[in-house]
Amino acid sequence: RLCRLQRLQQQQLRRKRFNGLQSVLETAIDFCHEVLTPGGVAHLVSMACFASQAVFLNLFLVKYVHKATLITLLAEIPLFLHMAWFWRAESAHRAAPSQWVAFSWVHAAKVVVLFCSVMPRLSSTTIAHTSINAIILNGSFDYLWDPRILANLLLMTPVFYSLLMYRTSQSIFGRMSKRITVDLIMHYDMLW
């Protein structure tokens, strides 16, 4: 009788493992299908936009202000993980407004420091050879500290906002119109 009970427990354990593996595979397939939609592409591009802007603005802050400015990573890393967790289009109506609010607070603090402390220190001279070949041959990344680079990094903010709004537009106009909330309407209103 003990052997029979052990066999039953082993079979249940195998079923749980199979169900867990099946669940992981279904989630991976859902992710692939979601990424192939325009909303999925917008989500991936918004994550890339956020990550690249955060990294490069932090590089400017560390170079021209202090390493203590990396404290913003305490908010940016959880925000990036939150963006990665809410990858489904069905959850965009709940996630995007809170992501925008968190991003806005952190970004506002960074922009104040950038305009007050970093911009006055940047050289107004431009480097003539900013091609990839010059970087590879000389090993110089001095062009990264150009004021135009910083301005273009700051211009990524409306792109990030537009991508977040594109993901939530289905909640407002599309098939998920039953999920309109006050914060979503206010979030959408900021676009205009």
# chains A, B, ... in the order shown; residues from 1 in each chain; ligands from 1
call {"tool": "closest_atom_pairs", "arguments": {"of": "segment 52-112 of chain A", "to": "segment 30-45 of chain A", "cutoff": "8 Å", "atoms": "only C-alpha atoms", "output": "Markdown table"}}
result
| residue | atom | partner | partner_atom | distance |
| --- | --- | --- | --- | --- |
| A:Trp87 | CA | A:His43 | CA | 7.0 |
| A:Arg88 | CA | A:Glu34 | CA | 6.9 |
| A:Ala89 | CA | A:Gly39 | CA | 6.9 |
call {"tool": "write_last_selection", "arguments": {"atoms": "all heavy atoms", "output": "compact mmCIF listing (two decimals), in the first residue's frame"}}
result
# COMPACT_ATOMS: atom_id res chain seq x y z
N TRP A 87 3.10 43.45 -19.70
CA TRP A 87 3.34 43.44 -21.13
C TRP A 87 2.08 43.15 -21.93
O TRP A 87 2.02 43.42 -23.12
CB TRP A 87 4.44 42.46 -21.50
CG TRP A 87 4.18 41.04 -21.06
CD1 TRP A 87 4.56 40.49 -19.88
CD2 TRP A 87 3.51 40.02 -21.78
NE1 TRP A 87 4.16 39.19 -19.81
CE2 TRP A 87 3.50 38.87 -20.97
CE3 TRP A 87 2.88 39.96 -23.03
CZ2 TRP A 87 2.91 37.67 -21.36
CZ3 TRP A 87 2.30 38.77 -23.42
CH2 TRP A 87 2.32 37.64 -22.59
N ARG A 88 1.07 42.62 -21.30
CA ARG A 88 -0.17 42.30 -22.03
C ARG A 88 -0.97 43.56 -22.33
O ARG A 88 -1.03 44.48 -21.53
CB ARG A 88 -1.03 41.33 -21.24
CG ARG A 88 -0.39 39.99 -21.01
CD ARG A 88 -1.35 39.08 -20.27
NE ARG A 88 -0.71 37.87 -19.83
CZ ARG A 88 -0.69 36.75 -20.53
NH1 ARG A 88 -1.28 36.71 -21.70
NH2 ARG A 88 -0.08 35.69 -20.08
N ALA A 89 -1.60 43.57 -23.49
CA ALA A 89 -2.41 44.73 -23.89
C ALA A 89 -3.60 44.91 -22.94
O ALA A 89 -4.05 46.04 -22.71
CB ALA A 89 -2.90 44.56 -25.32
call {"tool": "closest_residue", "arguments": {"among": "A:Ser91, A:Leu74, A:Ala102, A:Leu57", "to": "Leu154 of chain A", "atoms": "only C-alpha atoms"}}
result
A:Leu57
call {"tool": "closest_residue", "arguments": {"among": "A:Lys63, A:His93, A:His107, A:Arg121", "to": "Met156 of chain A", "atoms": "only C-alpha atoms"}}
result
A:His107
call {"tool": "atom_distance", "arguments": {"atom1": "atom CA of Ile149 of chain A", "atom2": "atom CA of Phe115 of chain A"}}
result
13.8 Å
call {"tool": "closest_residue", "arguments": {"among": "A:Ala92, A:Val111, A:Leu144, A:Cys116", "to": "Met165 of chain A", "atoms": "only C-alpha atoms"}}
result
A:Ala92
call {"tool": "atom_distance", "arguments": {"atom1": "atom CA of Thr157 of chain A", "atom2": "atom CA of Val62 of chain A"}}
result
20.1 Å
